[in-house]
Amino acid sequence: MMTEEQRQVMTGAQAIVNTLEALGVTDVFGMPGGAILPTFDPLMSSSLHHILVRHEQGAGHAAQGYALASGKVGVAIVTSGPGATNTLTAIADANIDSVPVVVISGQVGASLIGTDAFQEADIVGASMPLAKHSFLVTRAAEIPQRLAEAFHIASTGRPGPVLVDITRSAQVEEFEYQWPVELQLPGYEPAFEPVPRQIARAAEEIAQAQAPVLYVGGGLVRARAEEVLRTLVELSDAAVVTTLPARGAFPDSDPHNLKMPGMHGTVPAVGALQRADLIVALGARFDDRVTGQLDSFAPRARIVHVDIDLAEMSKNRYADVAVVADLKPALAALNAALPEAYERLGRPDLSGWWRYLNRLREKYPLGWSEPTDGFMAPQEVISKLSEIAGPDAIYVTGVGQHQMWAAQFLQLEKPSHFISSCGLGTMGYCIPAAMGAQVGAPESVVWAIDGDGSFQMTNQELATCTVNGIPVKVALINNSVLGMVRQWQTLFYGERYSNTTLNPQDGEQIPNFEMLAQAYGMAARTVRNAEEIDEAIEWAMSINDRPVLLDFRVSKDAMVWPMVAAGVPNDDIRYARDIAPDWEVED
């Protein structure tokens, strides 16, 4: 590893490896192929820990999980053509969820570009609308600078994925390697420090609010601003709601936390936003799953929006006070300004607001109905998993009903301990992302909570886990259907279940997940009744030398409640089927 300025003649491939080492990279996920093969040769004798995945999409999602669990930039290395295009879903996922990832792809030789050569694809062009930035490198001398710039872009400002496409000719070319390099990114100047005048205005808004809510998004986790958030809550006594990517950013055990808002949020969280007179959005983007019908969202609230991305300001909801800055220094400045604002303007009496919110919390707690078909309640499985594994575990989910139940029934106390595909909603995310999270946080227990539909999209990465000694634990919430789609068919399509049943109506499930897991070298059990849940989870917790799978057979009729149907006002939330909250609850 080069730690000071050095000059040495080497190939572009060796420069890729040396630069990754110089940037502090320790772990990478990838798969070799013709156009990237020159780089895989020096990789073999480097300090980098390369994990050979079974599919390039898995490499991308593993890099995401690694980044979110470790706080470092995740790295994937793949070949050209289909190898590169297989990463596009992960790139799009990382972009919408602001995850710092660098994907290094091989490309055909520079002289072959545009000739429809074997395994040629314009991955830079394909990735442009999906990535934060994309580079094409055709000369070896460009490699150190482009990789350094890629890591800088990925990890600064609003984080995101960067693609570096490097031709095979650049990889085999020799040049005089020099490190460190000077970044040349004209025009790239991400915001950091807040404007004092805007901070003063935000403090005045909070000091005068009678019904304030802190709307906390995933940007707060990316900024590692959880401590300054706690101080703001202590100072302001405001209610807190945490979006799906922000679950755990503020402790569930704190009475200020009303948990998740939006389509499958809690009644208190949805009601608080709808009745707030001030919403302070912190690293959140007013997406449709939170706002419901946008025109009817939070009709009387003024908006203070704090975000590092100028493009988010007034994009969906007008910001009365816009603070474009990194959340950590912005909240530190706001905390410093609040006492003076309270002294000058007086401190509002929030006791009536909290009486109202607490009545909603008492009257509409999260819960579930016991299934009548002889199968387990998935909510009970996740609740017991949370009790036994505890808040120190890292929970990674797929996408669907199980994802929402996990967000609702896991007791989350720490940031970066709930990892999910939030904005893109990528089925197949869970297993490779959990694998990456386990590599990024090797001392932590990592539970992959997946549905049987999502699981079958990328479960081949369990072979990667077993071969590499990555002891992820899989809680398979198996209802034998595509549950979220089936729920919509139940509610909105007259119970016409078109193509959502994954198994024959009679007989054993296909595949037998316990046998499949054992074929992958895992420990595995099938859990069929509630009395077995605790013991099965304890058994899984005791196995740490290999991955383990628990196949929980749950009811296909279980649904996710509360629910706001797509495109309707949040006030029309249903606490359960055909049960609407009474928003006029009295003290």
# chains A, B, ... in the order shown; residues from 1 in each chain; ligands from 1
call {"tool": "select_by_dssp", "arguments": {"residues": "region 216-389 of chain A", "states": "helix (DSSP H, G or I)", "output": "PyMOL selection string"}}
result
chain A and resi 218-222+226-236+244-246+267-275+288-291+294-296+310-312+327-345+351-363+378-389
call {"tool": "residues_around", "arguments": {"residues": "region 298-305 of chain A", "least_positions_apart": "6", "cutoff": "6 Å", "atoms": "only C-alpha atoms", "output": "PyMOL selection string"}}
result
chain A and resi 273-274+276-281+319-322
call {"tool": "residues_around", "arguments": {"residues": "Ile470 (chain A)", "least_positions_apart": "2", "cutoff": "7 Å", "atoms": "only C-alpha atoms", "output": "VMD selection string"}}
result
chain A and resid 435 438 465 to 466 468 472 546 to 547
call {"tool": "write_last_selection", "arguments": {"atoms": "all heavy atoms", "output": "PDB file, in the first residue's frame"}}
result
ATOM      1  N   MET A 435     -25.312 -10.368   3.486  1.00  0.00           N
ATOM      2  CA  MET A 435     -23.953 -10.872   3.350  1.00  0.00           C
ATOM      3  C   MET A 435     -22.947  -9.725   3.438  1.00  0.00           C
ATOM      4  O   MET A 435     -21.945  -9.798   4.176  1.00  0.00           O
ATOM      5  CB  MET A 435     -23.819 -11.601   2.017  1.00  0.00           C
ATOM      6  CG  MET A 435     -22.437 -12.104   1.687  1.00  0.00           C
ATOM      7  SD  MET A 435     -22.427 -13.054   0.142  1.00  0.00           S
ATOM      8  CE  MET A 435     -22.650 -11.733  -1.081  1.00  0.00           C
ATOM      9  N   GLN A 438     -22.739  -8.345   6.986  1.00  0.00           N
ATOM     10  CA  GLN A 438     -21.972  -9.203   7.886  1.00  0.00           C
ATOM     11  C   GLN A 438     -20.468  -9.026   7.676  1.00  0.00           C
ATOM     12  O   GLN A 438     -19.697  -8.991   8.645  1.00  0.00           O
ATOM     13  CB  GLN A 438     -22.353 -10.663   7.664  1.00  0.00           C
ATOM     14  CG  GLN A 438     -21.713 -11.635   8.638  1.00  0.00           C
ATOM     15  CD  GLN A 438     -22.305 -11.559  10.033  1.00  0.00           C
ATOM     16  OE1 GLN A 438     -23.340 -12.134  10.312  1.00  0.00           O
ATOM     17  NE2 GLN A 438     -21.642 -10.819  10.922  1.00  0.00           N
ATOM     18  N   CYS A 465     -21.910 -17.198   1.084  1.00  0.00           N
ATOM     19  CA  CYS A 465     -21.812 -17.092   2.545  1.00  0.00           C
ATOM     20  C   CYS A 465     -21.153 -18.323   3.154  1.00  0.00           C
ATOM     21  O   CYS A 465     -20.252 -18.217   3.998  1.00  0.00           O
ATOM     22  CB  CYS A 465     -23.200 -16.887   3.156  1.00  0.00           C
ATOM     23  SG  CYS A 465     -23.964 -15.300   2.774  1.00  0.00           S
ATOM     24  N   THR A 466     -21.594 -19.502   2.735  1.00  0.00           N
ATOM     25  CA  THR A 466     -21.049 -20.731   3.301  1.00  0.00           C
ATOM     26  C   THR A 466     -19.574 -20.887   2.959  1.00  0.00           C
ATOM     27  O   THR A 466     -18.739 -21.166   3.831  1.00  0.00           O
ATOM     28  CB  THR A 466     -21.843 -21.946   2.800  1.00  0.00           C
ATOM     29  OG1 THR A 466     -23.207 -21.815   3.202  1.00  0.00           O
ATOM     30  CG2 THR A 466     -21.277 -23.233   3.368  1.00  0.00           C
ATOM     31  N   ASN A 468     -17.380 -18.693   2.222  1.00  0.00           N
ATOM     32  CA  ASN A 468     -16.526 -17.659   2.809  1.00  0.00           C
ATOM     33  C   ASN A 468     -16.701 -17.520   4.321  1.00  0.00           C
ATOM     34  O   ASN A 468     -16.139 -16.599   4.917  1.00  0.00           O
ATOM     35  CB  ASN A 468     -16.801 -16.312   2.139  1.00  0.00           C
ATOM     36  CG  ASN A 468     -16.298 -16.268   0.709  1.00  0.00           C
ATOM     37  OD1 ASN A 468     -15.126 -16.003   0.463  1.00  0.00           O
ATOM     38  ND2 ASN A 468     -17.177 -16.548  -0.241  1.00  0.00           N
ATOM     39  N   VAL A 472     -24.475 -15.342   8.222  1.00  0.00           N
ATOM     40  CA  VAL A 472     -25.765 -14.655   8.294  1.00  0.00           C
ATOM     41  C   VAL A 472     -26.839 -15.630   8.770  1.00  0.00           C
ATOM     42  O   VAL A 472     -26.730 -16.845   8.578  1.00  0.00           O
ATOM     43  CB  VAL A 472     -26.171 -14.053   6.935  1.00  0.00           C
ATOM     44  CG1 VAL A 472     -25.175 -13.007   6.480  1.00  0.00           C
ATOM     45  CG2 VAL A 472     -26.333 -15.129   5.890  1.00  0.00           C
ATOM     46  N   ARG A 546     -21.376 -20.882  10.547  1.00  0.00           N
ATOM     47  CA  ARG A 546     -21.909 -21.018   9.202  1.00  0.00           C
ATOM     48  C   ARG A 546     -23.264 -20.318   9.156  1.00  0.00           C
ATOM     49  O   ARG A 546     -23.857 -20.034  10.200  1.00  0.00           O
ATOM     50  CB  ARG A 546     -22.068 -22.485   8.819  1.00  0.00           C
ATOM     51  CG  ARG A 546     -22.871 -23.292   9.824  1.00  0.00           C
ATOM     52  CD  ARG A 546     -22.932 -24.766   9.462  1.00  0.00           C
ATOM     53  NE  ARG A 546     -23.414 -25.550  10.587  1.00  0.00           N
ATOM     54  CZ  ARG A 546     -24.109 -26.669  10.457  1.00  0.00           C
ATOM     55  NH1 ARG A 546     -24.414 -27.128   9.258  1.00  0.00           N
ATOM     56  NH2 ARG A 546     -24.503 -27.338  11.509  1.00  0.00           N
ATOM     57  N   PRO A 547     -23.775 -20.061   7.975  1.00  0.00           N
ATOM     58  CA  PRO A 547     -25.104 -19.452   7.892  1.00  0.00           C
ATOM     59  C   PRO A 547     -26.184 -20.438   8.325  1.00  0.00           C
ATOM     60  O   PRO A 547     -25.992 -21.654   8.280  1.00  0.00           O
ATOM     61  CB  PRO A 547     -25.249 -19.065   6.423  1.00  0.00           C
ATOM     62  CG  PRO A 547     -24.244 -19.878   5.696  1.00  0.00           C
ATOM     63  CD  PRO A 547     -23.142 -20.180   6.649  1.00  0.00           C
TER      64      PRO A 547
END
call {"tool": "residues_around", "arguments": {"residues": "region 11-21 of chain A", "least_positions_apart": "3", "cutoff": "7 Å", "atoms": "only C-alpha atoms", "output": "NGL selection string"}}
result
:A and (1 or 24-25 or 38-39 or 42-43 or 140 or 143-144 or 170-175 or 177)
call {"tool": "write_last_selection", "arguments": {"atoms": "all heavy atoms", "output": "short mmCIF file (atom, residue, chain, number, x, y, z; two decimals), in the first residue's frame"}}
result
data_model
loop_
_atom_site.label_atom_id
_atom_site.label_comp_id
_atom_site.auth_asym_id
_atom_site.auth_seq_id
_atom_site.Cartn_x
_atom_site.Cartn_y
_atom_site.Cartn_z
N MET A 1 0.85 -1.20 0.00
CA MET A 1 0.00 0.00 0.00
C MET A 1 0.88 1.24 0.00
O MET A 1 1.82 1.35 0.79
CB MET A 1 -0.91 0.00 1.23
CG MET A 1 -1.76 1.24 1.39
SD MET A 1 -2.86 1.11 2.82
CE MET A 1 -3.55 2.75 2.81
N GLY A 24 -7.91 2.94 1.27
CA GLY A 24 -8.34 2.31 2.52
C GLY A 24 -9.33 1.19 2.34
O GLY A 24 -9.93 0.73 3.32
N VAL A 25 -9.51 0.71 1.11
CA VAL A 25 -10.45 -0.38 0.87
C VAL A 25 -9.86 -1.68 1.42
O VAL A 25 -8.67 -1.97 1.23
CB VAL A 25 -10.75 -0.52 -0.63
CG1 VAL A 25 -11.64 -1.73 -0.90
CG2 VAL A 25 -11.41 0.75 -1.15
N PRO A 38 -7.45 -8.88 -16.38
CA PRO A 38 -6.14 -8.36 -16.02
C PRO A 38 -6.07 -7.81 -14.59
O PRO A 38 -5.02 -7.87 -13.95
CB PRO A 38 -5.92 -7.23 -17.05
CG PRO A 38 -6.73 -7.64 -18.23
CD PRO A 38 -7.95 -8.29 -17.65
N THR A 39 -7.20 -7.30 -14.09
CA THR A 39 -7.21 -6.75 -12.73
C THR A 39 -7.30 -7.85 -11.68
O THR A 39 -6.78 -7.69 -10.56
CB THR A 39 -8.40 -5.77 -12.59
OG1 THR A 39 -8.18 -4.66 -13.47
CG2 THR A 39 -8.55 -5.26 -11.17
N PRO A 42 -3.44 -9.23 -10.31
CA PRO A 42 -2.78 -8.61 -9.15
C PRO A 42 -3.67 -8.59 -7.90
O PRO A 42 -3.14 -8.50 -6.77
CB PRO A 42 -2.47 -7.19 -9.63
CG PRO A 42 -3.42 -6.93 -10.75
CD PRO A 42 -3.64 -8.26 -11.41
N LEU A 43 -4.97 -8.66 -8.09
CA LEU A 43 -5.86 -8.72 -6.92
C LEU A 43 -5.55 -9.92 -6.05
O LEU A 43 -5.65 -9.87 -4.82
CB LEU A 43 -7.31 -8.79 -7.42
CG LEU A 43 -8.45 -8.73 -6.39
CD1 LEU A 43 -8.45 -7.39 -5.67
CD2 LEU A 43 -9.79 -8.94 -7.09
N ALA A 140 -4.40 4.16 -19.02
CA ALA A 140 -3.94 3.71 -17.71
C ALA A 140 -3.62 4.88 -16.79
O ALA A 140 -3.89 4.83 -15.59
CB ALA A 140 -2.71 2.81 -17.87
N ILE A 143 -6.32 6.14 -14.33
CA ILE A 143 -6.96 5.26 -13.35
C ILE A 143 -6.86 5.78 -11.92
O ILE A 143 -7.89 5.86 -11.22
CB ILE A 143 -6.38 3.83 -13.47
CG1 ILE A 143 -6.91 3.19 -14.76
CG2 ILE A 143 -6.74 2.98 -12.25
CD1 ILE A 143 -6.26 1.86 -15.10
N PRO A 144 -5.68 6.15 -11.39
CA PRO A 144 -5.64 6.59 -9.99
C PRO A 144 -6.54 7.79 -9.71
O PRO A 144 -7.26 7.82 -8.71
CB PRO A 144 -4.17 6.94 -9.78
CG PRO A 144 -3.43 6.18 -10.83
CD PRO A 144 -4.34 6.14 -12.00
N ALA A 170 -6.66 -0.23 -21.19
CA ALA A 170 -6.10 0.58 -20.12
C ALA A 170 -5.54 -0.28 -19.00
O ALA A 170 -4.56 0.08 -18.34
CB ALA A 170 -7.17 1.52 -19.58
N GLN A 171 -6.16 -1.42 -18.77
CA GLN A 171 -5.69 -2.30 -17.70
C GLN A 171 -4.34 -2.94 -18.01
O GLN A 171 -3.54 -3.18 -17.11
CB GLN A 171 -6.73 -3.40 -17.43
CG GLN A 171 -8.03 -2.90 -16.86
CD GLN A 171 -9.07 -4.00 -16.79
OE1 GLN A 171 -8.86 -5.03 -16.15
NE2 GLN A 171 -10.19 -3.81 -17.47
N VAL A 172 -4.08 -3.22 -19.28
CA VAL A 172 -2.82 -3.89 -19.63
C VAL A 172 -1.72 -2.90 -19.99
O VAL A 172 -0.54 -3.27 -20.06
CB VAL A 172 -3.03 -4.90 -20.78
CG1 VAL A 172 -4.03 -5.97 -20.38
CG2 VAL A 172 -3.47 -4.21 -22.06
N GLU A 173 -2.06 -1.64 -20.21
CA GLU A 173 -1.08 -0.61 -20.55
C GLU A 173 -0.20 -0.31 -19.34
O GLU A 173 -0.67 -0.24 -18.21
CB GLU A 173 -1.81 0.64 -21.01
CG GLU A 173 -0.90 1.81 -21.37
CD GLU A 173 -1.68 3.09 -21.64
OE1 GLU A 173 -2.94 3.04 -21.63
OE2 GLU A 173 -1.04 4.13 -21.85
N GLU A 174 1.10 -0.07 -19.59
CA GLU A 174 2.01 0.33 -18.52
C GLU A 174 2.16 1.84 -18.49
O GLU A 174 2.08 2.52 -19.53
CB GLU A 174 3.38 -0.32 -18.71
CG GLU A 174 3.40 -1.81 -18.46
CD GLU A 174 4.81 -2.37 -18.40
OE1 GLU A 174 5.74 -1.71 -18.94
OE2 GLU A 174 4.99 -3.46 -17.82
N PHE A 175 2.38 2.38 -17.29
CA PHE A 175 2.57 3.83 -17.13
C PHE A 175 3.30 4.06 -15.81
O PHE A 175 3.51 3.13 -15.01
CB PHE A 175 1.23 4.57 -17.15
CG PHE A 175 0.43 4.45 -15.87
CD1 PHE A 175 0.23 5.55 -15.04
CD2 PHE A 175 -0.12 3.23 -15.48
CE1 PHE A 175 -0.51 5.45 -13.87
CE2 PHE A 175 -0.86 3.12 -14.32
CZ PHE A 175 -1.06 4.23 -13.51
N TYR A 177 3.06 5.17 -12.35
CA TYR A 177 2.02 5.37 -11.32
C TYR A 177 2.49 6.40 -10.30
O TYR A 177 3.65 6.36 -9.84
CB TYR A 177 1.74 4.03 -10.63
CG TYR A 177 0.69 4.10 -9.52
CD1 TYR A 177 -0.66 3.99 -9.81
CD2 TYR A 177 1.07 4.25 -8.18
CE1 TYR A 177 -1.62 4.02 -8.82
CE2 TYR A 177 0.12 4.29 -7.18
CZ TYR A 177 -1.22 4.18 -7.49
OH TYR A 177 -2.16 4.22 -6.49
#
call {"tool": "select_by_dssp", "arguments": {"residues": "region 29-268 of chain A", "states": "strand (DSSP E or B)", "output": "JSON list (two decimals) with N, CA and C atoms, in the first residue's frame"}}
result
[["chain", "number", "residue", "atom", "x", "y", "z"],
["A", 29, "PHE", "N", -16.42, -7.05, -3.46],
["A", 29, "PHE", "CA", -17.29, -8.14, -3.92],
["A", 29, "PHE", "C", -17.25, -8.16, -5.44],
["A", 30, "GLY", "N", -17.12, -9.33, -6.04],
["A", 30, "GLY", "CA", -17.04, -9.31, -7.48],
["A", 30, "GLY", "C", -17.04, -10.67, -8.12],
["A", 49, "HIS", "N", -9.47, -8.15, 0.43],
["A", 49, "HIS", "CA", -10.24, -9.37, 0.65],
["A", 49, "HIS", "C", -11.35, -9.40, -0.39],
["A", 50, "HIS", "N", -11.18, -10.23, -1.42],
["A", 50, "HIS", "CA", -12.18, -10.30, -2.47],
["A", 50, "HIS", "C", -13.12, -11.46, -2.20],
["A", 51, "ILE", "N", -14.41, -11.19, -2.28],
["A", 51, "ILE", "CA", -15.44, -12.21, -2.06],
["A", 51, "ILE", "C", -16.10, -12.50, -3.39],
["A", 52, "LEU", "N", -15.93, -13.74, -3.85],
["A", 52, "LEU", "CA", -16.46, -14.17, -5.14],
["A", 52, "LEU", "C", -17.96, -14.45, -5.01],
["A", 74, "GLY", "N", -18.77, 0.95, -0.29],
["A", 74, "GLY", "CA", -18.81, -0.43, -0.76],
["A", 74, "GLY", "C", -18.27, -0.52, -2.17],
["A", 75, "VAL", "N", -17.62, -1.63, -2.49],
["A", 75, "VAL", "CA", -16.97, -1.78, -3.80],
["A", 75, "VAL", "C", -17.38, -3.10, -4.44],
["A", 76, "ALA", "N", -17.74, -3.03, -5.72],
["A", 76, "ALA", "CA", -18.02, -4.21, -6.54],
["A", 76, "ALA", "C", -17.15, -4.15, -7.79],
["A", 77, "ILE", "N", -16.61, -5.30, -8.21],
["A", 77, "ILE", "CA", -15.77, -5.38, -9.40],
["A", 77, "ILE", "C", -16.34, -6.45, -10.32],
["A", 78, "VAL", "N", -16.67, -6.06, -11.55],
["A", 78, "VAL", "CA", -17.33, -6.99, -12.48],
["A", 78, "VAL", "C", -16.75, -6.81, -13.87],
["A", 101, "VAL", "N", -21.41, 3.69, -3.02],
["A", 101, "VAL", "CA", -20.92, 2.47, -3.65],
["A", 101, "VAL", "C", -20.10, 2.86, -4.88],
["A", 102, "VAL", "N", -19.00, 2.15, -5.10],
["A", 102, "VAL", "CA", -18.25, 2.30, -6.35],
["A", 102, "VAL", "C", -18.26, 0.95, -7.06],
["A", 103, "VAL", "N", -18.75, 0.95, -8.29],
["A", 103, "VAL", "CA", -18.75, -0.25, -9.14],
["A", 103, "VAL", "C", -17.67, -0.07, -10.19],
["A", 104, "ILE", "N", -16.69, -0.98, -10.21],
["A", 104, "ILE", "CA", -15.63, -0.97, -11.21],
["A", 104, "ILE", "C", -15.95, -2.07, -12.22],
["A", 105, "SER", "N", -16.14, -1.67, -13.46],
["A", 105, "SER", "CA", -16.47, -2.64, -14.50],
["A", 105, "SER", "C", -15.37, -2.66, -15.55],
["A", 106, "GLY", "N", -15.05, -3.86, -16.03],
["A", 106, "GLY", "CA", -14.18, -3.96, -17.18],
["A", 106, "GLY", "C", -14.94, -3.58, -18.44],
["A", 107, "GLN", "N", -14.21, -3.15, -19.45],
["A", 107, "GLN", "CA", -14.81, -2.80, -20.74],
["A", 107, "GLN", "C", -13.91, -3.34, -21.85],
["A", 133, "HIS", "N", -22.73, 9.33, -10.63],
["A", 133, "HIS", "CA", -21.80, 9.73, -11.68],
["A", 133, "HIS", "C", -21.22, 8.49, -12.33],
["A", 134, "SER", "N", -20.76, 8.63, -13.57],
["A", 134, "SER", "CA", -20.16, 7.51, -14.30],
["A", 134, "SER", "C", -18.92, 8.01, -15.03],
["A", 135, "PHE", "N", -17.86, 7.20, -15.00],
["A", 135, "PHE", "CA", -16.62, 7.50, -15.70],
["A", 135, "PHE", "C", -16.31, 6.40, -16.72],
["A", 136, "LEU", "N", -15.75, 6.77, -17.87],
["A", 136, "LEU", "CA", -15.15, 5.82, -18.80],
["A", 136, "LEU", "C", -13.65, 6.12, -18.83],
["A", 137, "VAL", "N", -12.84, 5.10, -18.56],
["A", 137, "VAL", "CA", -11.39, 5.27, -18.49],
["A", 137, "VAL", "C", -10.78, 4.47, -19.64],
["A", 161, "PRO", "N", -24.03, 5.98, -5.78],
["A", 161, "PRO", "CA", -23.18, 5.06, -6.51],
["A", 161, "PRO", "C", -22.44, 5.74, -7.66],
["A", 162, "VAL", "N", -21.19, 5.34, -7.85],
["A", 162, "VAL", "CA", -20.39, 5.84, -8.97],
["A", 162, "VAL", "C", -19.87, 4.63, -9.74],
["A", 163, "LEU", "N", -20.01, 4.66, -11.05],
["A", 163, "LEU", "CA", -19.50, 3.61, -11.92],
["A", 163, "LEU", "C", -18.19, 4.07, -12.55],
["A", 164, "VAL", "N", -17.18, 3.20, -12.51],
["A", 164, "VAL", "CA", -15.91, 3.47, -13.20],
["A", 164, "VAL", "C", -15.70, 2.32, -14.19],
["A", 165, "ASP", "N", -15.87, 2.61, -15.45],
["A", 165, "ASP", "CA", -15.77, 1.62, -16.52],
["A", 165, "ASP", "C", -14.36, 1.74, -17.13],
["A", 166, "ILE", "N", -13.56, 0.68, -17.03],
["A", 166, "ILE", "CA", -12.14, 0.75, -17.40],
["A", 166, "ILE", "C", -11.89, -0.25, -18.53],
["A", 167, "THR", "N", -11.41, 0.26, -19.65],
["A", 167, "THR", "CA", -11.18, -0.62, -20.79],
["A", 167, "THR", "C", -10.07, -1.63, -20.49],
["A", 174, "GLU", "N", 1.10, -0.07, -19.59],
["A", 174, "GLU", "CA", 2.01, 0.33, -18.52],
["A", 174, "GLU", "C", 2.16, 1.84, -18.49],
["A", 175, "PHE", "N", 2.38, 2.38, -17.29],
["A", 175, "PHE", "CA", 2.57, 3.83, -17.13],
["A", 175, "PHE", "C", 3.30, 4.06, -15.81],
["A", 176, "GLU", "N", 3.65, 5.30, -15.57],
["A", 176, "GLU", "CA", 4.33, 5.66, -14.32],
["A", 176, "GLU", "C", 3.27, 6.05, -13.29],
["A", 177, "TYR", "N", 3.06, 5.17, -12.35],
["A", 177, "TYR", "CA", 2.02, 5.37, -11.32],
["A", 177, "TYR", "C", 2.49, 6.40, -10.30],
["A", 178, "GLN", "N", 1.59, 7.30, -9.93],
["A", 178, "GLN", "CA", 1.90, 8.31, -8.92],
["A", 178, "GLN", "C", 0.74, 8.41, -7.95],
["A", 179, "TRP", "N", 1.11, 8.44, -6.68],
["A", 179, "TRP", "CA", 0.09, 8.61, -5.62],
["A", 179, "TRP", "C", 0.68, 9.46, -4.50],
["A", 212, "PRO", "N", -45.25, 20.67, 16.77],
["A", 212, "PRO", "CA", -44.11, 20.38, 15.90],
["A", 212, "PRO", "C", -43.84, 18.88, 15.75],
["A", 213, "VAL", "N", -43.37, 18.51, 14.57],
["A", 213, "VAL", "CA", -42.95, 17.12, 14.31],
["A", 213, "VAL", "C", -41.61, 17.16, 13.58],
["A", 214, "LEU", "N", -40.67, 16.35, 14.05],
["A", 214, "LEU", "CA", -39.41, 16.14, 13.36],
["A", 214, "LEU", "C", -39.57, 14.93, 12.45],
["A", 215, "TYR", "N", -39.52, 15.17, 11.15],
["A", 215, "TYR", "CA", -39.72, 14.14, 10.13],
["A", 215, "TYR", "C", -38.33, 13.69, 9.68],
["A", 216, "VAL", "N", -37.88, 12.56, 10.23],
["A", 216, "VAL", "CA", -36.49, 12.12, 10.10],
["A", 216, "VAL", "C", -36.37, 11.10, 8.97],
["A", 239, "ALA", "N", -42.34, 15.92, 18.63],
["A", 239, "ALA", "CA", -42.58, 14.53, 18.26],
["A", 239, "ALA", "C", -41.62, 14.14, 17.13],
["A", 240, "VAL", "N", -41.30, 12.85, 17.05],
["A", 240, "VAL", "CA", -40.38, 12.33, 16.05],
["A", 240, "VAL", "C", -41.05, 11.21, 15.27],
["A", 241, "VAL", "N", -40.94, 11.25, 13.95],
["A", 241, "VAL", "CA", -41.31, 10.12, 13.11],
["A", 241, "VAL", "C", -40.09, 9.74, 12.29],
["A", 242, "THR", "N", -39.87, 8.43, 12.11],
["A", 242, "THR", "CA", -38.70, 7.96, 11.38],
["A", 242, "THR", "C", -39.15, 7.15, 10.17],
["A", 257, "ASN", "N", -40.77, 9.15, 20.12],
["A", 257, "ASN", "CA", -40.76, 8.47, 18.83],
["A", 257, "ASN", "C", -42.11, 7.83, 18.55]]
call {"tool": "closest_residue", "arguments": {"among": "A:Arg344, A:Arg496, A:Arg247, A:Arg289", "to": "Glu226 (chain A)", "atoms": "only C-alpha atoms"}}
result
A:Arg247
call {"tool": "closest_atom_pairs", "arguments": {"of": "region 171-251 of chain A", "to": "region 413-432 of chain A", "cutoff": "6 Å", "atoms": "only C-alpha atoms", "output": "JSON lines"}}
result
{"residue": "A:Gly248", "atom": "CA", "partner": "A:Pro415", "partner_atom": "CA", "distance": 4.6}
{"residue": "A:Ala249", "atom": "CA", "partner": "A:Pro415", "partner_atom": "CA", "distance": 4.3}
{"residue": "A:Pro251", "atom": "CA", "partner": "A:Glu413", "partner_atom": "CA", "distance": 4.1}
call {"tool": "residues_around", "arguments": {"residues": "Val467 (chain A)", "least_positions_apart": "4", "cutoff": "9 Å", "atoms": "only C-alpha atoms", "output": "MDAnalysis selection string"}}
result
chainID A and resid 462:463 521 546
call {"tool": "write_last_selection", "arguments": {"atoms": "N, CA, C and O atoms", "output": "compact mmCIF listing (two decimals), in the first residue's frame"}}
result
# COMPACT_ATOMS: atom_id res chain seq x y z
N LEU A 462 -26.20 -17.53 -0.85
CA LEU A 462 -25.96 -18.33 0.34
C LEU A 462 -24.76 -19.25 0.15
O LEU A 462 -24.06 -19.59 1.11
N ALA A 463 -24.52 -19.68 -1.09
CA ALA A 463 -23.30 -20.44 -1.37
C ALA A 463 -22.07 -19.58 -1.07
O ALA A 463 -21.09 -20.06 -0.48
N GLY A 521 -25.03 -25.99 2.46
CA GLY A 521 -24.11 -26.16 3.58
C GLY A 521 -24.54 -25.41 4.82
O GLY A 521 -23.73 -25.21 5.74
N ARG A 546 -21.38 -20.88 10.55
CA ARG A 546 -21.91 -21.02 9.20
C ARG A 546 -23.26 -20.32 9.16
O ARG A 546 -23.86 -20.03 10.20
call {"tool": "residues_around", "arguments": {"residues": "region 66-70 of chain A", "least_positions_apart": "6", "cutoff": "7 Å", "atoms": "only C-alpha atoms", "output": "VMD selection string"}}
result
chain A and resid 99 to 100 416 436 to 437 439 to 441
call {"tool": "closest_residue", "arguments": {"among": "A:Ala336, A:Leu229, A:Val381, A:Ala94", "to": "Glu535 (chain A)", "atoms": "only C-alpha atoms"}}
result
A:Val381
call {"tool": "closest_residue", "arguments": {"among": "A:Ala448, A:Trp561, A:Ala332, A:Glu182", "to": "Ala389 (chain A)", "atoms": "only C-alpha atoms"}}
result
A:Ala448
call {"tool": "atom_distance", "arguments": {"atom1": "CA of Asp452 (chain A)", "atom2": "CA of Ser498 (chain A)"}}
result
17.5 Å
call {"tool": "closest_residue", "arguments": {"among": "A:Val233, A:Val73, A:Val474, A:Ala523", "to": "Ser155 (chain A)", "atoms": "only C-alpha atoms"}}
result
A:Val73
